[in-house]
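Asker: What follows is data_29.cif, mmCIF, C-alpha atoms.
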```cif
data_protein
#
loop_
_atom_site.label_atom_id
_atom_site.label_comp_id
_atom_site.auth_asym_id
_atom_site.auth_seq_id
_atom_site.Cartn_x
_atom_site.Cartn_y
_atom_site.Cartn_z
CA MET A 1 -21.87 25.90 2.37
CA GLY A 2 -23.98 23.65 0.20
CA ARG A 3 -27.63 24.08 -0.59
CA GLU A 4 -29.95 24.60 2.37
CA VAL A 5 -33.62 24.30 3.17
CA SER A 6 -35.52 25.50 6.20
CA GLU A 7 -35.28 23.27 9.24
CA SER A 8 -39.06 23.04 9.43
CA CYS A 9 -39.02 21.06 6.18
CA VAL A 10 -37.04 18.24 7.71
CA GLU A 11 -38.88 18.37 11.02
CA SER A 12 -42.27 18.35 9.29
CA LEU A 13 -41.28 15.42 7.10
CA VAL A 14 -40.10 13.27 9.99
CA ALA A 15 -43.00 14.28 12.21
CA GLU A 16 -45.41 13.39 9.44
CA ILE A 17 -44.02 9.95 8.68
CA VAL A 18 -43.99 9.12 12.41
CA SER A 19 -47.54 10.39 12.71
CA SER A 20 -48.67 8.41 9.65
CA TYR A 21 -47.31 5.25 11.18
CA CYS A 22 -48.73 6.00 14.63
CA ARG A 23 -52.21 6.94 13.47
CA GLY A 24 -52.51 4.96 10.32
CA PHE A 25 -50.73 1.85 9.29
CA TYR A 26 -49.46 0.67 12.60
CA ALA A 27 -51.66 2.40 15.12
CA ASP A 28 -50.93 0.92 18.53
CA LYS A 29 -48.28 -1.36 17.10
CA PRO A 30 -45.07 0.49 17.80
CA GLU A 31 -43.14 -2.73 17.30
CA LEU A 32 -44.05 -2.58 13.60
CA ALA A 33 -43.61 1.15 13.15
CA ALA A 34 -40.27 1.44 14.95
CA PRO A 35 -38.18 -0.73 12.62
CA ARG A 36 -39.56 1.14 9.63
CA ILE A 37 -38.70 4.54 11.03
CA GLU A 38 -35.29 3.19 11.94
CA ALA A 39 -34.87 1.81 8.42
CA ILE A 40 -35.59 5.22 6.96
CA GLY A 41 -32.91 6.68 9.22
CA PHE A 42 -30.54 3.87 8.31
CA GLN A 43 -30.86 4.66 4.61
CA VAL A 44 -30.21 8.36 5.23
CA GLY A 45 -27.20 7.72 7.48
CA HIS A 46 -25.72 5.23 5.07
CA GLN A 47 -25.90 7.61 2.12
CA LEU A 48 -24.76 10.66 4.05
CA SER A 49 -21.75 8.87 5.47
CA GLU A 50 -20.87 7.71 1.97
CA ARG A 51 -20.85 11.30 0.77
CA TYR A 52 -18.97 12.73 3.71
CA THR A 53 -16.16 10.17 3.61
CA MET A 54 -15.60 10.11 -0.14
CA ASP A 55 -12.29 11.93 -0.04
CA ARG A 56 -10.95 10.38 3.10
CA PRO A 57 -8.81 7.33 3.72
CA ARG A 58 -10.48 4.49 5.61
CA PHE A 59 -10.73 4.82 9.38
CA THR A 60 -8.07 2.83 11.19
CA ASP A 61 -10.25 1.66 14.04
CA HIS A 62 -13.69 1.88 15.58
CA LEU A 63 -12.81 4.82 17.78
CA GLU A 64 -11.73 6.91 14.79
CA ALA A 65 -14.99 6.15 13.03
CA ILE A 66 -17.03 7.05 16.11
CA LYS A 67 -15.09 10.28 16.45
CA PHE A 68 -15.93 11.08 12.84
CA ILE A 69 -19.61 10.63 13.70
CA CYS A 70 -19.22 12.84 16.74
CA LYS A 71 -17.44 15.66 14.96
CA ASP A 72 -17.69 16.02 11.19
CA PHE A 73 -20.85 14.00 10.66
CA TRP A 74 -22.80 15.57 13.52
CA SER A 75 -21.67 19.03 12.40
CA GLU A 76 -23.01 18.50 8.91
CA LEU A 77 -26.36 17.46 10.28
CA PHE A 78 -26.81 19.63 13.35
CA LYS A 79 -24.22 22.41 13.02
CA LYS A 80 -22.59 21.31 16.23
CA GLN A 81 -20.53 18.39 17.47
CA ILE A 82 -21.43 15.73 19.98
CA ASP A 83 -20.69 17.21 23.39
CA ASN A 84 -19.52 14.16 25.26
CA LEU A 85 -18.23 10.75 24.20
CA LYS A 86 -17.83 7.87 26.62
CA THR A 87 -16.74 4.30 26.06
CA ASN A 88 -16.22 1.18 28.08
CA HIS A 89 -13.46 0.13 25.68
CA ARG A 90 -15.40 -3.05 25.06
CA GLY A 91 -17.48 -1.97 22.09
CA THR A 92 -20.02 0.32 23.75
CA PHE A 93 -19.97 4.06 23.11
CA VAL A 94 -22.27 6.74 24.48
CA LEU A 95 -22.61 9.86 22.36
CA GLN A 96 -24.20 12.70 24.28
CA ASP A 97 -25.68 15.76 22.65
CA ASN A 98 -26.47 18.24 25.42
CA ARG A 99 -29.09 20.00 23.40
CA PHE A 100 -30.40 17.73 20.68
CA ARG A 101 -32.07 19.94 18.09
CA TRP A 102 -34.75 17.52 17.08
CA LEU A 103 -36.05 17.21 20.63
CA ALA A 104 -36.15 20.94 21.16
CA HIS A 105 -39.43 21.37 19.31
CA MET A 106 -41.23 18.38 20.75
CA SER A 107 -42.88 18.09 24.13
CA VAL A 108 -41.14 15.09 25.56
CA ASP A 109 -41.93 12.54 28.25
CA PRO A 110 -38.62 11.54 29.87
CA SER A 111 -39.88 8.06 30.69
CA VAL A 112 -39.95 7.12 27.01
CA GLU A 113 -37.45 4.56 25.83
CA THR A 114 -36.83 3.48 22.29
CA THR A 115 -37.17 -0.14 23.34
CA GLY A 116 -40.92 0.39 23.52
CA SER A 117 -43.24 -0.09 26.44
CA ILE A 118 -46.07 -2.35 27.55
CA GLN A 119 -49.39 -0.84 26.57
CA ASP A 120 -51.93 -0.32 29.33
CA PRO A 121 -55.28 0.27 27.59
CA SER A 122 -56.36 2.97 30.02
CA ALA A 123 -53.27 5.01 29.30
CA MET A 124 -53.47 4.57 25.55
CA ALA A 125 -53.98 8.19 24.52
CA GLU A 126 -51.23 9.49 26.73
CA ASN A 127 -49.03 6.68 25.59
CA ARG A 128 -49.64 7.56 21.98
CA ALA A 129 -47.97 10.92 22.51
CA ALA A 130 -45.10 9.26 24.31
CA GLN A 131 -44.98 6.66 21.56
CA ALA A 132 -44.64 9.35 18.93
CA THR A 133 -41.68 10.85 20.75
CA GLY A 134 -40.08 7.47 21.12
CA LEU A 135 -40.64 6.72 17.47
CA HIS A 136 -39.07 10.04 16.47
CA LEU A 137 -35.88 8.96 18.17
CA TYR A 138 -35.64 5.84 16.04
CA PHE A 139 -34.86 8.15 13.13
CA PRO A 140 -31.57 9.57 14.45
CA CYS A 141 -30.69 6.16 15.90
CA GLY A 142 -31.09 4.74 12.41
CA ILE A 143 -28.97 7.51 10.95
CA ILE A 144 -26.09 6.68 13.27
CA ARG A 145 -26.44 2.94 12.65
CA GLY A 146 -26.55 3.51 8.89
CA ALA A 147 -23.52 5.76 8.93
CA LEU A 148 -21.46 3.27 10.94
CA SER A 149 -22.66 0.41 8.79
CA ASN A 150 -21.29 2.19 5.74
CA LEU A 151 -17.97 2.46 7.55
CA GLY A 152 -17.97 -1.31 8.04
CA ILE A 153 -19.10 -1.25 11.67
CA PRO A 154 -22.28 -3.21 12.39
CA CYS A 155 -23.90 -2.05 15.60
CA ALA A 156 -27.11 -1.42 17.50
CA VAL A 157 -28.07 2.11 18.48
CA SER A 158 -30.58 3.25 21.07
CA ALA A 159 -31.48 6.64 22.54
CA ASP A 160 -31.64 7.67 26.16
CA ILE A 161 -33.51 10.81 27.10
CA SER A 162 -33.50 10.45 30.88
CA ASN A 163 -31.42 13.60 31.12
CA LEU A 164 -33.27 16.21 29.04
CA PRO A 165 -32.56 18.39 27.13
CA ALA A 166 -29.58 16.15 26.54
CA CYS A 167 -30.00 13.07 24.40
CA SER A 168 -27.55 10.20 24.56
CA PHE A 169 -27.12 7.68 21.78
CA VAL A 170 -25.81 4.33 22.94
CA VAL A 171 -23.86 2.49 20.25
CA ARG A 172 -23.12 -1.19 20.82
CA ILE A 173 -20.74 -2.58 18.26
CA LYS A 174 -21.45 -6.13 17.20
CA ALA A 175 -18.48 -8.41 17.48
CA MET B 1 -48.36 53.08 13.41
CA ALA B 2 -47.10 52.24 9.95
CA PRO B 3 -48.22 48.82 8.71
CA VAL B 4 -45.48 46.20 8.68
CA ALA B 5 -44.32 45.59 5.13
CA PRO B 6 -44.47 42.06 3.83
CA LYS B 7 -41.06 40.40 3.81
CA SER B 8 -39.49 38.98 0.71
CA GLY B 9 -38.94 35.26 0.45
CA ASP B 10 -35.18 35.82 0.51
CA ALA B 11 -35.34 37.80 3.73
CA ILE B 12 -37.43 35.19 5.49
CA PHE B 13 -35.26 32.34 4.28
CA ALA B 14 -32.22 34.15 5.60
CA SER B 15 -33.85 34.54 8.99
CA VAL B 16 -35.12 30.99 9.61
CA ASP B 17 -33.08 28.08 10.95
CA ARG B 18 -31.74 26.19 7.97
CA VAL B 19 -30.25 22.78 7.50
CA ASN B 20 -28.19 20.95 4.95
CA ALA B 21 -30.49 20.23 2.00
CA GLU B 22 -28.91 16.81 1.49
CA LEU B 23 -30.41 15.66 4.77
CA PHE B 24 -33.81 16.72 3.46
CA THR B 25 -33.37 15.19 0.03
CA LEU B 26 -32.13 11.88 1.39
CA THR B 27 -34.77 11.73 4.12
CA TYR B 28 -37.51 12.24 1.55
CA GLY B 29 -35.98 9.63 -0.73
CA ALA B 30 -35.76 7.13 2.11
CA ILE B 31 -39.39 7.80 3.04
CA VAL B 32 -40.58 7.22 -0.53
CA ARG B 33 -38.50 4.06 -0.69
CA GLN B 34 -39.98 2.77 2.57
CA LEU B 35 -43.51 3.59 1.45
CA LEU B 36 -42.93 1.68 -1.79
CA THR B 37 -41.78 -1.32 0.24
CA ASP B 38 -44.72 -1.13 2.66
CA LEU B 39 -47.52 -0.18 0.29
CA GLU B 40 -46.21 -1.84 -2.89
CA GLU B 41 -48.72 -0.13 -5.20
CA VAL B 42 -47.47 3.07 -6.79
CA ASP B 43 -50.97 4.59 -6.64
CA GLU B 44 -51.13 3.96 -2.90
CA VAL B 45 -47.80 5.66 -2.45
CA ASN B 46 -48.95 8.65 -4.50
CA LYS B 47 -52.02 8.94 -2.28
CA GLN B 48 -50.02 8.63 0.90
CA LEU B 49 -47.52 11.27 -0.22
CA ASP B 50 -50.38 13.61 -1.05
CA GLN B 51 -52.00 13.03 2.33
CA MET B 52 -48.75 13.58 4.18
CA GLY B 53 -48.16 16.73 2.19
CA TYR B 54 -51.64 17.94 3.02
CA ASN B 55 -51.04 17.49 6.76
CA ILE B 56 -47.72 19.29 6.48
CA GLY B 57 -49.20 22.14 4.41
CA VAL B 58 -51.92 22.77 6.95
CA ARG B 59 -49.27 23.23 9.64
CA LEU B 60 -46.71 25.12 7.56
CA VAL B 61 -49.28 27.82 6.86
CA ASP B 62 -49.03 28.94 10.49
CA GLU B 63 -45.31 29.40 10.22
CA PHE B 64 -45.76 31.09 6.86
CA LEU B 65 -48.26 33.61 8.21
CA ALA B 66 -46.20 34.28 11.31
CA LYS B 67 -43.01 35.00 9.40
CA SER B 68 -44.07 36.60 6.18
CA ASN B 69 -46.47 39.43 7.12
CA VAL B 70 -48.20 38.96 3.79
CA ASN B 71 -51.23 41.09 3.23
CA ARG B 72 -54.53 39.41 2.65
CA CYS B 73 -54.54 38.14 -0.93
CA VAL B 74 -57.25 39.56 -3.13
CA ASP B 75 -57.72 36.58 -5.39
CA PHE B 76 -56.34 33.23 -6.37
CA ARG B 77 -53.89 34.81 -8.78
CA GLU B 78 -52.24 36.72 -5.99
CA THR B 79 -52.31 33.68 -3.72
CA ALA B 80 -50.55 31.57 -6.32
CA GLU B 81 -47.84 34.21 -6.73
CA VAL B 82 -47.31 34.40 -2.99
CA ILE B 83 -47.02 30.62 -2.73
CA ALA B 84 -44.53 30.53 -5.58
CA LYS B 85 -42.37 33.47 -4.56
CA VAL B 86 -42.59 33.56 -0.78
CA GLY B 87 -43.83 30.14 0.31
CA PHE B 88 -41.45 27.98 -1.69
CA LYS B 89 -38.57 30.34 -1.03
CA MET B 90 -38.89 30.44 2.73
CA PHE B 91 -39.08 26.67 3.08
CA LEU B 92 -37.21 25.16 0.16
CA GLY B 93 -34.94 28.07 -0.62
CA VAL B 94 -36.04 28.17 -4.25
CA THR B 95 -38.65 30.23 -6.06
CA ALA B 96 -41.23 28.85 -8.40
CA SER B 97 -42.99 30.54 -11.28
CA VAL B 98 -46.69 30.67 -12.05
CA THR B 99 -47.92 30.19 -15.62
CA ASN B 100 -50.62 28.58 -17.70
CA TRP B 101 -53.56 30.49 -16.31
CA ASP B 102 -56.90 29.47 -17.67
CA ALA B 103 -59.53 31.97 -18.74
CA GLU B 104 -61.42 31.91 -15.44
CA GLY B 105 -58.29 32.30 -13.36
CA THR B 106 -59.02 29.13 -11.42
CA THR B 107 -56.27 26.92 -12.79
CA CYS B 108 -52.58 27.57 -13.12
CA SER B 109 -49.28 25.80 -13.12
CA ILE B 110 -46.64 26.39 -10.49
CA ILE B 111 -43.31 25.41 -11.97
CA LEU B 112 -40.27 24.50 -9.88
CA GLU B 113 -37.23 24.52 -12.13
CA ASP B 114 -34.90 23.78 -9.27
CA ASN B 115 -36.28 21.31 -6.76
CA PRO B 116 -34.25 20.15 -3.75
CA LEU B 117 -36.45 17.05 -3.41
CA VAL B 118 -35.08 15.56 -6.60
CA ASP B 119 -31.36 16.31 -6.33
CA PHE B 120 -29.47 13.22 -7.49
CA VAL B 121 -32.71 11.23 -7.70
CA GLU B 122 -33.26 8.72 -10.47
CA LEU B 123 -36.40 6.65 -10.67
CA PRO B 124 -36.07 3.04 -11.79
CA ASP B 125 -38.44 1.68 -14.43
CA THR B 126 -40.28 -0.28 -11.76
CA CYS B 127 -41.70 3.00 -10.47
CA GLN B 128 -43.69 3.99 -13.54
CA GLY B 129 -46.57 6.19 -12.52
CA LEU B 130 -44.96 7.30 -9.28
CA TYR B 131 -45.42 11.01 -8.69
CA TYR B 132 -42.20 11.36 -6.76
CA CYS B 133 -42.88 14.94 -5.69
CA ASN B 134 -46.50 14.36 -4.84
CA ILE B 135 -45.89 15.57 -1.33
CA LEU B 136 -45.57 19.07 -2.76
CA SER B 137 -49.00 18.79 -4.34
CA GLY B 138 -50.40 17.89 -0.96
CA VAL B 139 -48.58 20.73 0.77
CA ILE B 140 -50.03 23.27 -1.65
CA ARG B 141 -53.49 21.74 -1.33
CA GLY B 142 -53.31 21.85 2.47
CA ALA B 143 -52.06 25.41 2.47
CA LEU B 144 -54.72 26.53 0.01
CA GLU B 145 -57.49 25.02 2.08
CA MET B 146 -56.34 27.03 5.04
CA PHE B 147 -56.81 30.08 2.88
CA LEU B 148 -60.32 28.88 2.12
CA PHE B 149 -59.48 27.78 -1.39
CA PRO B 150 -60.78 24.23 -1.42
CA SER B 151 -59.42 22.48 -4.47
CA PRO B 152 -61.89 19.69 -5.17
CA SER B 153 -60.32 19.05 -8.54
CA GLY B 154 -57.12 18.63 -6.62
CA VAL B 155 -53.57 19.51 -7.22
CA ASN B 156 -51.92 17.30 -9.79
CA GLU B 157 -48.28 16.78 -10.14
CA ASN B 158 -46.84 16.00 -13.46
CA ARG B 159 -43.15 15.33 -13.49
CA SER B 160 -41.40 18.49 -12.53
CA HIS B 161 -44.28 20.88 -12.30
CA VAL B 162 -47.47 21.23 -10.36
CA ALA B 163 -50.82 22.30 -11.78
CA ALA B 164 -53.22 23.78 -9.25
#
```
Now that the file is in, can you turn its structure into structure tokens?

Answerer:
Amino acid sequence: MGREVSESCVESLVAEIVSSYCRGFYADKPELAAPRIEAIGFQVGHQLSERYTMDRPRFTDHLEAIKFICKDFWSELFKKQIDNLKTNHRGTFVLQDNRFRWLAHMSVDPSVETTGSIQDPSAMAENRAAQATGLHLYFPCGIIRGALSNLGIPCAVSADISNLPACSFVVRIKA
Amino acid sequence: MAPVAPKSGDAIFASVDRVNAELFTLTYGAIVRQLLTDLEEVDEVNKQLDQMGYNIGVRLVDEFLAKSNVNRCVDFRETAEVIAKVGFKMFLGVTASVTNWDAEGTTCSIILEDNPLVDFVELPDTCQGLYYCNILSGVIRGALEMFLFPSPSGVNENRSHVAA
């Protein structure tokens, strides 16, 4: 087992950068904050996947790469594997984690989507909390996208939390 | 009832949920990189890291108090030791040392020989003046303020060590 730090370090860091973007730089502009959070995740995923595949031969196809994400990669990050993998065999994969660690410590509004939502001024405060949750999810989405990008697989990744405490990551591979 | 003894940093670290330090190191690196892109000025990034650290420190103190059972510290000297030996250990898994006390006992250096934040990190020349670990300065400052030690002169980070 390599070096470890307490989980609260990572959670605090991510929570703080999301909060800085929500309150500060891009208050009420989730469309500007989201790509930045996702970019941070992308960088992390890209570098981690580089490290974790150093001694391996290249993956033969997309499914093998996705399975790597579901098993070895997810285990390194969350000490468990993805619980359920579905695909339509046409470039879309759904990775379901039945108990996503990073959601466990946040109060979550199930109606949040990572695609953002129209802002109704009267619901701004409540929406800010929902926004923060949504923005948090851009981080793991970015990690997955970054990891796959390093494996030569460009894709788009979004999160679906309509089925809490499970979190599903939808990966759409770009042709 | 016998008072509960304070736990050692090692014992607390062993009992908390832990994660792969690489995830932490890389996440921090990516955050600094993104801040440099967004804010452009190294001084702005230093300030932002300090502010983020402060916000984190204020919250981490709760977890620290809940898990460590430390007794009330008598003075700043004791507080600094507790931060170095228990605080850093339970979160970062490493201990720091406290040196360089001034005559009044109001200034010291907390030295981290082994710092997970900087594993494999190299700063390019374009980042002169960047206090890469400035978030730690902010964390200590935030934590100290919760213990009613306002540090108006601030916590300064200089390369690999922190002077409080």

Asker: Output as a PDB file with C-alpha atoms, in the coordinates of the input the set of chain A residues within 6 Å of chain B, with distances taken over all atoms listed in the file.

Answerer:
```
ATOM      1  CA  ARG A   3     -27.630  24.080  -0.590  1.00  0.00           C
ATOM      2  CA  GLU A   4     -29.950  24.600   2.370  1.00  0.00           C
ATOM      3  CA  VAL A   5     -33.620  24.300   3.170  1.00  0.00           C
ATOM      4  CA  SER A   6     -35.520  25.500   6.200  1.00  0.00           C
ATOM      5  CA  GLU A   7     -35.280  23.270   9.240  1.00  0.00           C
ATOM      6  CA  VAL A  10     -37.040  18.240   7.710  1.00  0.00           C
ATOM      7  CA  ILE A  40     -35.590   5.220   6.960  1.00  0.00           C
ATOM      8  CA  VAL A  44     -30.210   8.360   5.230  1.00  0.00           C
TER       9      VAL A  44
END
```

Asker: Please provide as a list in words all residues within 12 Å of A:Arg36, with the sequence filter that same-chain residues fewer than 5 positions apart are discarded (counting only C-alpha atoms).

Answerer: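 Listed by chain and then number, they are Ile17, Val18, Ser20, Tyr21, Cys22, Phe25, Tyr26, Lys29, Pro30, Glu31, Gly41, Phe42, Gln43, Leu135, His136, Tyr138, Phe139, Cys141 and Gly142 of chain A; Ala30, Ile31, Val32, Arg33, Gln34, Leu35, Leu36, Thr37 and Asp38 of chain B.
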
Asker: Determine, counting only C-alpha atoms, which protein, DNA and RNA residues have an atom within 12 Å of an atom of B:Val70; residues of the same chain fewer than 3 positions away are not included. Present the result as JSON, numbers by chain.

Answerer: {"B": [3, 4, 5, 6, 7, 8, 9, 12, 61, 63, 64, 65, 66, 67, 73, 74, 78, 79, 81, 82, 83, 85, 86, 87]}

Asker: For the selection you just gave me, I'd like the residues written to a file as a short mmCIF file (atom, residue, chain, number, x, y, z; two decimals), keeping the file's coordinate frame, keeping C-alpha atoms.

Answerer:
```cif
data_model
loop_
_atom_site.label_atom_id
_atom_site.label_comp_id
_atom_site.auth_asym_id
_atom_site.auth_seq_id
_atom_site.Cartn_x
_atom_site.Cartn_y
_atom_site.Cartn_z
CA PRO B 3 -48.22 48.82 8.71
CA VAL B 4 -45.48 46.20 8.68
CA ALA B 5 -44.32 45.59 5.13
CA PRO B 6 -44.47 42.06 3.83
CA LYS B 7 -41.06 40.40 3.81
CA SER B 8 -39.49 38.98 0.71
CA GLY B 9 -38.94 35.26 0.45
CA ILE B 12 -37.43 35.19 5.49
CA VAL B 61 -49.28 27.82 6.86
CA GLU B 63 -45.31 29.40 10.22
CA PHE B 64 -45.76 31.09 6.86
CA LEU B 65 -48.26 33.61 8.21
CA ALA B 66 -46.20 34.28 11.31
CA LYS B 67 -43.01 35.00 9.40
CA CYS B 73 -54.54 38.14 -0.93
CA VAL B 74 -57.25 39.56 -3.13
CA GLU B 78 -52.24 36.72 -5.99
CA THR B 79 -52.31 33.68 -3.72
CA GLU B 81 -47.84 34.21 -6.73
CA VAL B 82 -47.31 34.40 -2.99
CA ILE B 83 -47.02 30.62 -2.73
CA LYS B 85 -42.37 33.47 -4.56
CA VAL B 86 -42.59 33.56 -0.78
CA GLY B 87 -43.83 30.14 0.31
#
```

Asker: Any chance you could work out the residue set of the PyMOL selection byres ((chain A and resi 94) around 8) here, as a ChimeraX atom specification?

Answerer: /A:84-87,92-93,95-96,168-171

Asker: What is the distance between atom CA of B:Tyr131 and atom CA of B:Ala96, in Å to one decimal?

Answerer: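 These two atoms are separated by 18.3 Å.
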
Asker: Please evaluate the PyMOL selection byres ((chain A and resi 99) around 12) against the structure above and give the resulting residues as a ChimeraX atom specification.

Answerer: /A:78-84,96-98,100-105,161,163-168

Asker: Just to confirm, what's the straight-line distance from atom CA of B:Ala80 to atom CA of B:Ala11 in Å (one decimal)?

Answerer: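 Answer for the atom CA of B:Ala80 to atom CA of B:Ala11 separation: 19.3 Å.
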
Asker: Atom CA of A:Ala175 and atom CA of A:Gly91 are how many Å apart?

Answerer: 8.0 Å

Asker: So that I can check the surroundings of B:Asn46, please list as a short mmCIF file (atom, residue, chain, number, x, y, z; two decimals) with C-alpha atoms, keeping the file's coordinate frame every protein, DNA and RNA residue that reaches within 9 Å of it, counting only C-alpha atoms and ignoring chain neighbours fewer than 6 positions away.

Answerer:
```
data_model
loop_
_atom_site.label_atom_id
_atom_site.label_comp_id
_atom_site.auth_asym_id
_atom_site.auth_seq_id
_atom_site.Cartn_x
_atom_site.Cartn_y
_atom_site.Cartn_z
CA GLY B 129 -46.57 6.19 -12.52
CA LEU B 130 -44.96 7.30 -9.28
CA TYR B 131 -45.42 11.01 -8.69
CA TYR B 132 -42.20 11.36 -6.76
CA CYS B 133 -42.88 14.94 -5.69
CA ASN B 134 -46.50 14.36 -4.84
CA ILE B 135 -45.89 15.57 -1.33
#
```

Asker: I need the residue set behind the PyMOL selection byres ((chain B and resi 98) around 7) for this file; please write it as an MDAnalysis selection string.

Answerer: chainID B and resid 80:81 84 96:97 99 108:111

Asker: Write the selection just made, keeping C-alpha atoms, as a PDB file, in the frame of the given file?

Answerer:
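Output file part_18.pdb follows:
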```
ATOM      1  CA  ALA B  80     -50.550  31.570  -6.320  1.00  0.00           C
ATOM      2  CA  GLU B  81     -47.840  34.210  -6.730  1.00  0.00           C
ATOM      3  CA  ALA B  84     -44.530  30.530  -5.580  1.00  0.00           C
ATOM      4  CA  ALA B  96     -41.230  28.850  -8.400  1.00  0.00           C
ATOM      5  CA  SER B  97     -42.990  30.540 -11.280  1.00  0.00           C
ATOM      6  CA  THR B  99     -47.920  30.190 -15.620  1.00  0.00           C
ATOM      7  CA  CYS B 108     -52.580  27.570 -13.120  1.00  0.00           C
ATOM      8  CA  SER B 109     -49.280  25.800 -13.120  1.00  0.00           C
ATOM      9  CA  ILE B 110     -46.640  26.390 -10.490  1.00  0.00           C
ATOM     10  CA  ILE B 111     -43.310  25.410 -11.970  1.00  0.00           C
TER      11      ILE B 111
END
```

Asker: What's the 10 Å shell around B:Gly105, counting only C-alpha atoms, without same-chain residues fewer than 6 positions away, as a PyMOL selection string?

Answerer: chain B and resi 75-77

Asker: Of the candidates B:Cys127, B:Tyr54, B:Thr95, B:Phe120, which one gets nearest to B:Leu144 if we count only C-alpha atoms?

Answerer: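 Closest to B:Leu144 of all the choices is B:Tyr54.
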